>>> print(open('my_file.tsv').read())   # TSV, C-alpha atoms and all ligand atoms
chain	number	residue	atom	x	y	z
T	1334	MET	CA	-46.37	38.80	19.80
T	1335	ASN	CA	-46.68	42.58	19.87
T	1336	THR	CA	-46.95	44.43	23.15
T	1337	ALA	CA	-48.88	47.47	24.36
T	1338	GLU	CA	-47.21	48.17	27.68
T	1339	ILE	CA	-48.60	50.72	30.09
T	1340	ASP	CA	-46.43	52.12	32.87
T	1341	VAL	CA	-48.43	51.52	36.05
T	1342	SER	CA	-45.80	52.59	38.60
T	1343	LYS	CA	-47.79	55.75	39.54
T	1344	LEU	CA	-51.01	53.79	39.77
T	1345	LEU	CA	-49.45	51.26	42.15
T	1346	GLU	CA	-48.44	53.96	44.67
T	1347	HIS	CA	-51.96	54.44	45.97
T	1348	SER	CA	-54.61	51.78	46.24
T	1349	SER	CA	-57.96	52.68	44.64
T	1350	ASP	CA	-56.24	55.00	42.15
T	1351	GLU	CA	-57.43	54.88	38.57
T	1352	LEU	CA	-55.78	55.52	35.23
T	1353	GLU	CA	-57.33	55.94	31.80
T	1354	VAL	CA	-55.32	55.02	28.74
T	1355	PHE	CA	-56.10	55.17	25.03
T	1356	GLY	CA	-53.99	53.52	22.39
T	1357	GLU	CA	-53.60	51.13	19.52
T	1358	VAL	CA	-52.19	47.65	19.29
T	1359	VAL	CA	-51.16	45.61	16.26
T	1360	LEU	CA	-52.49	42.05	16.50
T	1361	GLU	CA	-50.47	39.27	14.92
T	1362	PRO	CA	-52.13	36.96	12.39
T	1363	ILE	CA	-53.06	33.58	13.80
T	1364	LYS	CA	-53.32	30.21	12.06
T	1365	LEU	CA	-56.47	28.27	12.87
T	1366	GLY	CA	-56.52	24.93	11.10
T	1367	ASP	CA	-55.78	25.58	7.42
T	1368	LYS	CA	-56.95	29.22	7.60
T	1369	THR	CA	-55.09	32.31	8.72
T	1370	ILE	CA	-56.98	35.01	10.56
T	1371	GLU	CA	-55.54	38.46	9.83
T	1372	PHE	CA	-55.99	41.89	11.35
T	1373	PRO	CA	-55.55	44.48	8.56
T	1374	ALA	CA	-55.16	47.48	10.88
T	1375	PRO	CA	-54.23	48.09	14.52
T	1376	PHE	CA	-57.02	47.69	17.07
T	1377	SER	CA	-57.84	50.88	18.96
T	1378	PHE	CA	-58.54	50.56	22.66
T	1379	SER	CA	-59.52	52.54	25.73
T	1380	VAL	CA	-58.94	51.06	29.17
T	1381	ARG	CA	-59.56	52.16	32.73
T	1382	LEU	CA	-57.09	50.65	35.16
T	1383	SER	CA	-57.99	50.42	38.84
T	1384	ASN	CA	-55.55	49.55	41.59
T	1385	VAL	CA	-57.42	47.03	43.75
T	1386	GLY	CA	-54.52	46.08	46.00
T	1387	GLU	CA	-54.14	42.46	44.90
T	1388	GLY	CA	-53.62	43.66	41.36
T	1389	ILE	CA	-55.09	45.86	38.67
T	1390	VAL	CA	-58.57	45.57	37.24
T	1391	VAL	CA	-58.59	46.37	33.55
T	1392	ASN	CA	-61.90	47.63	32.21
T	1393	GLY	CA	-62.06	48.55	28.57
T	1394	GLU	CA	-63.20	48.36	25.03
T	1395	THR	CA	-61.40	47.64	21.78
T	1396	SER	CA	-62.45	48.01	18.13
T	1397	GLY	CA	-61.00	46.83	14.89
T	1398	SER	CA	-61.47	44.59	11.88
T	1399	VAL	CA	-60.66	40.95	11.22
T	1400	ARG	CA	-60.18	39.28	7.83
T	1401	LEU	CA	-62.10	36.01	7.77
T	1402	HIS	CA	-63.19	33.38	5.26
T	1403	CYS	CA	-66.97	33.10	4.94
T	1404	GLY	CA	-68.21	29.72	6.14
T	1405	ARG	CA	-70.67	29.49	3.23
T	1406	CYS	CA	-69.06	30.97	0.10
T	1407	LEU	CA	-65.43	30.72	1.37
T	1408	GLU	CA	-64.65	34.30	0.21
T	1409	LEU	CA	-62.46	36.58	2.34
T	1410	PHE	CA	-64.34	39.42	4.00
T	1411	THR	CA	-63.79	42.03	6.70
T	1412	TYR	CA	-65.51	41.52	10.02
T	1413	GLU	CA	-65.82	44.63	12.19
T	1414	THR	CA	-65.93	44.08	15.92
T	1415	THR	CA	-66.08	46.02	19.18
T	1416	VAL	CA	-65.36	44.06	22.33
T	1417	SER	CA	-65.83	45.10	25.96
T	1418	PHE	CA	-63.85	43.37	28.67
T	1419	GLU	CA	-62.95	43.32	32.33
T	1420	GLU	CA	-59.86	41.44	33.44
T	1421	LEU	CA	-57.65	41.18	36.49
T	1422	ALA	CA	-53.87	41.52	36.24
T	1423	VAL	CA	-51.89	40.28	39.24
T	1424	PHE	CA	-48.26	40.61	40.23
T	1425	ALA	CA	-45.96	37.87	39.07
T	1426	SER	CA	-44.74	36.16	42.22
T	1427	GLU	CA	-41.33	37.40	43.42
T	1428	ASP	CA	-40.56	34.62	45.89
T	1429	GLY	CA	-40.83	31.92	43.26
T	1430	GLU	CA	-43.95	30.60	44.90
T	1431	GLU	CA	-46.73	30.33	42.36
T	1432	ARG	CA	-49.76	32.35	43.30
T	1433	GLU	CA	-52.44	30.70	41.31
T	1434	VAL	CA	-55.12	33.15	40.30
T	1435	GLU	CA	-57.29	31.61	37.70
T	1436	ASP	CA	-57.52	33.38	34.35
T	1437	ALA	CA	-55.50	36.36	35.59
T	1438	PHE	CA	-52.97	38.26	33.51
T	1439	LYS	CA	-49.51	38.97	34.88
T	1440	LEU	CA	-48.03	42.29	35.98
T	1441	ALA	CA	-44.25	42.60	35.79
T	1442	ASP	CA	-41.79	45.46	36.45
T	1443	GLU	CA	-44.63	47.91	37.08
T	1444	LYS	CA	-45.72	47.46	33.50
T	1445	LEU	CA	-48.99	46.10	32.27
T	1446	ASP	CA	-49.15	44.71	28.76
T	1447	VAL	CA	-52.72	45.07	27.51
T	1448	ALA	CA	-51.97	43.36	24.16
T	1449	PRO	CA	-52.64	39.80	25.44
T	1450	ILE	CA	-55.81	40.99	27.17
T	1451	ILE	CA	-57.11	42.56	23.94
T	1452	TYR	CA	-55.98	39.62	21.82
T	1453	GLN	CA	-57.72	37.04	23.99
T	1454	ASN	CA	-60.96	39.02	24.17
T	1455	VAL	CA	-61.04	39.67	20.42
T	1456	MET	CA	-60.42	35.99	19.62
T	1457	VAL	CA	-63.33	34.95	21.84
T	1458	GLU	CA	-65.60	37.20	19.76
T	1459	VAL	CA	-64.48	35.87	16.37
T	1460	PRO	CA	-67.29	33.62	15.10
T	1461	ILE	CA	-66.40	29.98	14.48
T	1462	ARG	CA	-68.42	29.87	11.26
T	1463	PRO	CA	-68.52	33.49	10.07
T	1464	LEU	CA	-70.81	34.66	7.29
T	1465	CYS	CA	-69.79	37.45	4.88
T	1466	ARG	CA	-73.43	38.60	5.13
T	1467	GLU	CA	-76.59	37.20	6.68
T	1468	GLU	CA	-78.13	36.32	3.31
T	1469	CYS	CA	-74.97	34.85	1.75
T	1470	ALA	CA	-76.14	32.41	-0.94
T	1471	GLY	CA	-73.05	30.22	-0.65
T	1472	LEU	CA	-71.71	27.89	-3.30
T	1473	CYS	CA	-73.79	26.00	-5.85
T	1474	ALA	CA	-74.15	22.36	-4.79
T	1475	GLU	CA	-74.17	21.32	-8.47
T	1476	CYS	CA	-71.18	23.17	-9.94
T	1477	GLY	CA	-69.46	24.85	-6.98
T	1478	ARG	CA	-69.64	28.39	-8.38
T	1479	ASN	CA	-70.27	31.34	-6.04
T	1480	LEU	CA	-74.03	32.02	-6.03
T	1481	ASN	CA	-73.53	35.62	-4.78
T	1482	GLU	CA	-71.49	36.52	-7.87
T	1483	GLU	CA	-73.33	34.28	-10.34
T	1484	PRO	CA	-76.87	33.62	-9.18
T	1485	HIS	CA	-78.13	30.68	-11.21
T	1486	GLU	CA	-80.14	27.48	-11.05
T	1487	HIS	CA	-79.63	24.24	-12.84
T	1488	LYS	CA	-82.91	23.64	-14.61
T	1489	GLN	CA	-82.77	19.88	-14.95
T	1490	GLU	CA	-86.41	19.54	-16.14
T	1491	ARG	CA	-86.05	22.01	-19.00
T	1492	ILE	CA	-82.98	20.24	-20.34
T	1493	ASP	CA	-84.93	16.98	-20.24
T	1494	GLU	CA	-87.76	18.61	-22.18
T	1495	ARG	CA	-85.42	19.83	-24.87
T	1496	LEU	CA	-83.82	16.41	-25.15
T	1497	ALA	CA	-87.19	14.64	-25.26
T	1498	PRO	CA	-87.58	14.64	-29.09
T	1499	LEU	CA	-84.05	13.27	-29.44
T	1500	ARG	CA	-84.76	10.57	-26.88
T	1501	ASP	CA	-88.00	9.64	-28.65
T	1502	PHE	CA	-86.13	9.50	-31.94
T	1503	PHE	CA	-83.56	7.07	-30.54
T	1504	ASN	CA	-86.28	5.03	-28.90
T	1505	LYS	CA	-88.03	4.64	-32.26
T	1506	GLU	CA	-84.78	3.76	-34.02
T	1507	ASN	CA	-84.06	1.04	-31.54
T	1508	LYS	CA	-87.40	-0.67	-31.99
T	1601	ZN	ZN	-70.36	34.29	2.04
T	1602	ZN	ZN	-74.28	25.81	-10.35
>>> encode(input="my_file.tsv", output="structure tokens")
Amino acid sequence: MNTAEIDVSKLLEHSSDELEVFGEVVLEPIKLGDKTIEFPAPFSFSVRLSNVGEGIVVNGETSGSVRLHCGRCLELFTYETTVSFEELAVFASEDGEEREVEDAFKLADEKLDVAPIIYQNVMVEVPIRPLCREECAGLCAECGRNLNEEPHEHKQERIDERLAPLRDFFNKENK
């Protein structure tokens, strides 16, 4: 897992201080079932960190692209996304006693790693059944070929018409 650590020692000196940070983070590919979701380029982010005493509130936005397989035609395509988020990062307990704060990220050694925050928020936005485009035609139910690349229909009736004389011929022969 890659990290994007921000030094928050200055921010922690005064409560209600804020800090704005811009950066980029490389997201690791993730295997979901038999498919691998890849991130071809680093995600850019901007975050505003606020010292709220019990921890740091992380407000921000991240943008980047995700390589996904279309749920209809199965082709790989690039999905562009921009995700806004607000998360709380709390101090990892020093006395060994677990302070349970639900869904909170951990702060350690006056450093805040925004990579897991970005990763989690991006993954929530990735569609379960993505489409390469709204009007994706998908795969042909008859022959399995990609209907976006090779639009076609199987004209069953016309084939029957053409075969009709032959069928009549055989019918006559058999009588
Ligand atoms: Zn598609
Ligand atoms: Zn077909």
>>> residues_near_ligand(input="my_file.tsv", ligand="ligand ZN 1602 (chain T)", cutoff="6 Å", atoms="only C-alpha atoms and all ligand atoms", output="VMD selection string")
chain T and resid 1473 1475 to 1478
>>> residues_near_ligand(input="my_file.tsv", ligand="ligand ZN 1601 (chain T)", cutoff="7 Å", atoms="all atoms listed in the file", output="PyMOL selection string")
chain T and resi 1403-1408+1464-1466+1469-1471
>>> residues_around(input="my_file.tsv", residues="T:Ser1342", least_positions_apart="3", cutoff="7 Å", atoms="all atoms listed in the file", output="PyMOL selection string")
chain T and resi 1345-1346+1443
>>> closest_residue(input="my_file.tsv", among="T:Gly1388, T:Phe1376, T:Arg1381, T:Lys1439", to="T:Glu1413", atoms="only C-alpha atoms")
T:Phe1376
>>> atom_distance(input="my_file.tsv", atom1="atom CA of T:Glu1357", atom2="atom CA of T:His1402")
24.7 Å
>>> residues_around(input="my_file.tsv", residues="T:Glu1394", least_positions_apart="4", cutoff="12 Å", atoms="only C-alpha atoms", output="PyMOL selection string")
chain T and resi 1353-1357+1376-1381+1414-1420+1447+1450-1452+1454-1455
>>> residues_around(input="my_file.tsv", residues="T:Gly1386", least_positions_apart="6", cutoff="9 Å", atoms="all atoms listed in the file", output="MDAnalysis selection string")
chainID T and resid 1345 1347:1349
>>> atom_distance(input="my_file.tsv", atom1="atom CA of T:Thr1336", atom2="atom CA of T:Lys1364")
19.1 Å
>>> closest_residue(input="my_file.tsv", among="T:Met1456, T:Glu1338, T:Val1391, T:Asn1479", to="T:Ala1437", atoms="all atoms listed in the file")
T:Val1391
>>> closest_residue(input="my_file.tsv", among="T:Asp1501, T:Glu1468, T:Asp1340, T:Asp1367", to="T:Leu1440", atoms="all atoms listed in the file")
T:Asp1340
>>> closest_residue(input="my_file.tsv", among="T:Val1390, T:Lys1368, T:Glu1351, T:Phe1424", to="T:Asp1442", atoms="all atoms listed in the file")
T:Phe1424
>>> atom_distance(input="my_file.tsv", atom1="atom CA of T:Glu1467", atom2="atom CA of T:Thr1395")
23.8 Å
>>> axis_aligned_box(input="my_file.tsv", around="stretch 1383-1402 of chain T", padding_each_side="8 Å", output="lines of an AutoDock Vina configuration file")
center_x = -58.4
center_y = 41.9
center_z = 25.6
size_x = 25.6
size_y = 33.0
size_z = 56.7
>>> closest_residue(input="my_file.tsv", among="T:Asn1504, T:Pro1375, T:Glu1483, T:Val1358", to="T:Ser1398", atoms="only C-alpha atoms")
T:Pro1375
>>> residues_around(input="my_file.tsv", residues="T:Asn1335", least_positions_apart="5", cutoff="7 Å", atoms="only C-alpha atoms", output="PyMOL selection string")
chain T and resi 1359-1360+1448
>>> closest_residue(input="my_file.tsv", among="T:Gly1366, T:Leu1445, T:Pro1463, T:Ala1374", to="T:Ile1339", atoms="only C-alpha atoms")
T:Leu1445
>>> decode(input="my_file.tsv", residues="stretch 1338-1432 of chain T", atoms="C-alpha atoms", output="tab-separated table (two decimals), in the first residue's frame")
chain	number	residue	atom	x	y	z
T	1338	GLU	CA	1.87	11.21	4.63
T	1339	ILE	CA	1.31	14.77	5.75
T	1340	ASP	CA	3.29	16.21	8.66
T	1341	VAL	CA	0.65	17.54	11.05
T	1342	SER	CA	2.93	18.45	13.98
T	1343	LYS	CA	2.40	22.21	13.41
T	1344	LEU	CA	-1.33	21.75	13.05
T	1345	LEU	CA	-1.54	19.87	16.34
T	1346	GLU	CA	0.03	22.74	18.32
T	1347	HIS	CA	-3.09	24.88	18.23
T	1348	SER	CA	-6.63	23.62	18.26
T	1349	SER	CA	-8.86	25.01	15.49
T	1350	ASP	CA	-5.84	25.50	13.21
T	1351	GLU	CA	-6.23	24.55	9.59
T	1352	LEU	CA	-3.85	23.32	6.92
T	1353	GLU	CA	-4.36	23.00	3.18
T	1354	VAL	CA	-2.41	20.39	1.27
T	1355	PHE	CA	-2.30	19.46	-2.41
T	1356	GLY	CA	-0.67	16.34	-3.73
T	1357	GLU	CA	-0.81	13.11	-5.64
T	1358	VAL	CA	-1.08	9.52	-4.53
T	1359	VAL	CA	-0.48	6.31	-6.46
T	1360	LEU	CA	-3.27	3.80	-5.81
T	1361	GLU	CA	-2.42	0.11	-5.90
T	1362	PRO	CA	-4.40	-2.20	-8.20
T	1363	ILE	CA	-6.99	-4.28	-6.39
T	1364	LYS	CA	-8.37	-7.71	-7.24
T	1365	LEU	CA	-12.15	-7.97	-7.06
T	1366	GLY	CA	-13.32	-11.48	-7.87
T	1367	ASP	CA	-11.66	-12.50	-11.15
T	1368	LYS	CA	-11.11	-8.88	-12.25
T	1369	THR	CA	-8.33	-6.47	-11.37
T	1370	ILE	CA	-9.16	-2.80	-10.98
T	1371	GLU	CA	-6.23	-0.61	-12.02
T	1372	PHE	CA	-5.40	3.06	-11.62
T	1373	PRO	CA	-3.32	4.13	-14.65
T	1374	ALA	CA	-2.11	7.42	-13.14
T	1375	PRO	CA	-1.74	8.91	-9.66
T	1376	PHE	CA	-4.86	10.48	-8.15
T	1377	SER	CA	-4.53	14.21	-7.47
T	1378	PHE	CA	-6.01	15.50	-4.24
T	1379	SER	CA	-6.59	18.66	-2.25
T	1380	VAL	CA	-7.41	18.42	1.44
T	1381	ARG	CA	-8.17	20.86	4.22
T	1382	LEU	CA	-7.14	19.55	7.62
T	1383	SER	CA	-8.75	21.00	10.74
T	1384	ASN	CA	-7.54	20.36	14.26
T	1385	VAL	CA	-10.70	19.62	16.24
T	1386	GLY	CA	-9.03	18.58	19.47
T	1387	GLU	CA	-10.08	14.93	19.48
T	1388	GLY	CA	-8.41	14.51	16.12
T	1389	ILE	CA	-8.19	15.97	12.64
T	1390	VAL	CA	-11.09	16.44	10.28
T	1391	VAL	CA	-10.03	15.81	6.71
T	1392	ASN	CA	-12.11	17.60	4.09
T	1393	GLY	CA	-11.14	17.14	0.49
T	1394	GLU	CA	-11.52	16.12	-3.07
T	1395	THR	CA	-9.64	13.68	-5.27
T	1396	SER	CA	-9.67	13.07	-9.04
T	1397	GLY	CA	-8.30	10.37	-11.23
T	1398	SER	CA	-9.11	7.53	-13.58
T	1399	VAL	CA	-9.88	3.87	-13.03
T	1400	ARG	CA	-9.54	1.04	-15.56
T	1401	LEU	CA	-12.65	-1.13	-15.45
T	1402	HIS	CA	-14.28	-3.90	-17.45
T	1403	CYS	CA	-17.65	-2.92	-18.91
T	1404	GLY	CA	-20.47	-4.96	-17.39
T	1405	ARG	CA	-22.16	-5.33	-20.80
T	1406	CYS	CA	-19.48	-5.75	-23.49
T	1407	LEU	CA	-16.66	-6.80	-21.08
T	1408	GLU	CA	-14.16	-4.41	-22.76
T	1409	LEU	CA	-11.65	-2.45	-20.65
T	1410	PHE	CA	-12.37	1.26	-20.45
T	1411	THR	CA	-11.25	4.29	-18.45
T	1412	TYR	CA	-13.64	5.65	-15.85
T	1413	GLU	CA	-12.96	9.23	-14.74
T	1414	THR	CA	-14.03	10.12	-11.24
T	1415	THR	CA	-13.94	13.02	-8.78
T	1416	VAL	CA	-14.79	12.20	-5.19
T	1417	SER	CA	-15.45	14.57	-2.28
T	1418	PHE	CA	-15.01	13.35	1.27
T	1419	GLU	CA	-14.96	14.30	4.91
T	1420	GLU	CA	-13.30	11.97	7.39
T	1421	LEU	CA	-12.08	12.05	10.97
T	1422	ALA	CA	-8.58	10.91	11.89
T	1423	VAL	CA	-7.97	10.22	15.57
T	1424	PHE	CA	-4.84	9.57	17.59
T	1425	ALA	CA	-3.81	5.97	17.95
T	1426	SER	CA	-4.12	5.18	21.64
T	1427	GLU	CA	-0.82	5.47	23.55
T	1428	ASP	CA	-1.85	3.69	26.74
T	1429	GLY	CA	-2.77	0.51	24.91
T	1430	GLU	CA	-6.41	1.07	25.71
T	1431	GLU	CA	-8.46	0.91	22.55
T	1432	ARG	CA	-10.41	4.07	21.92
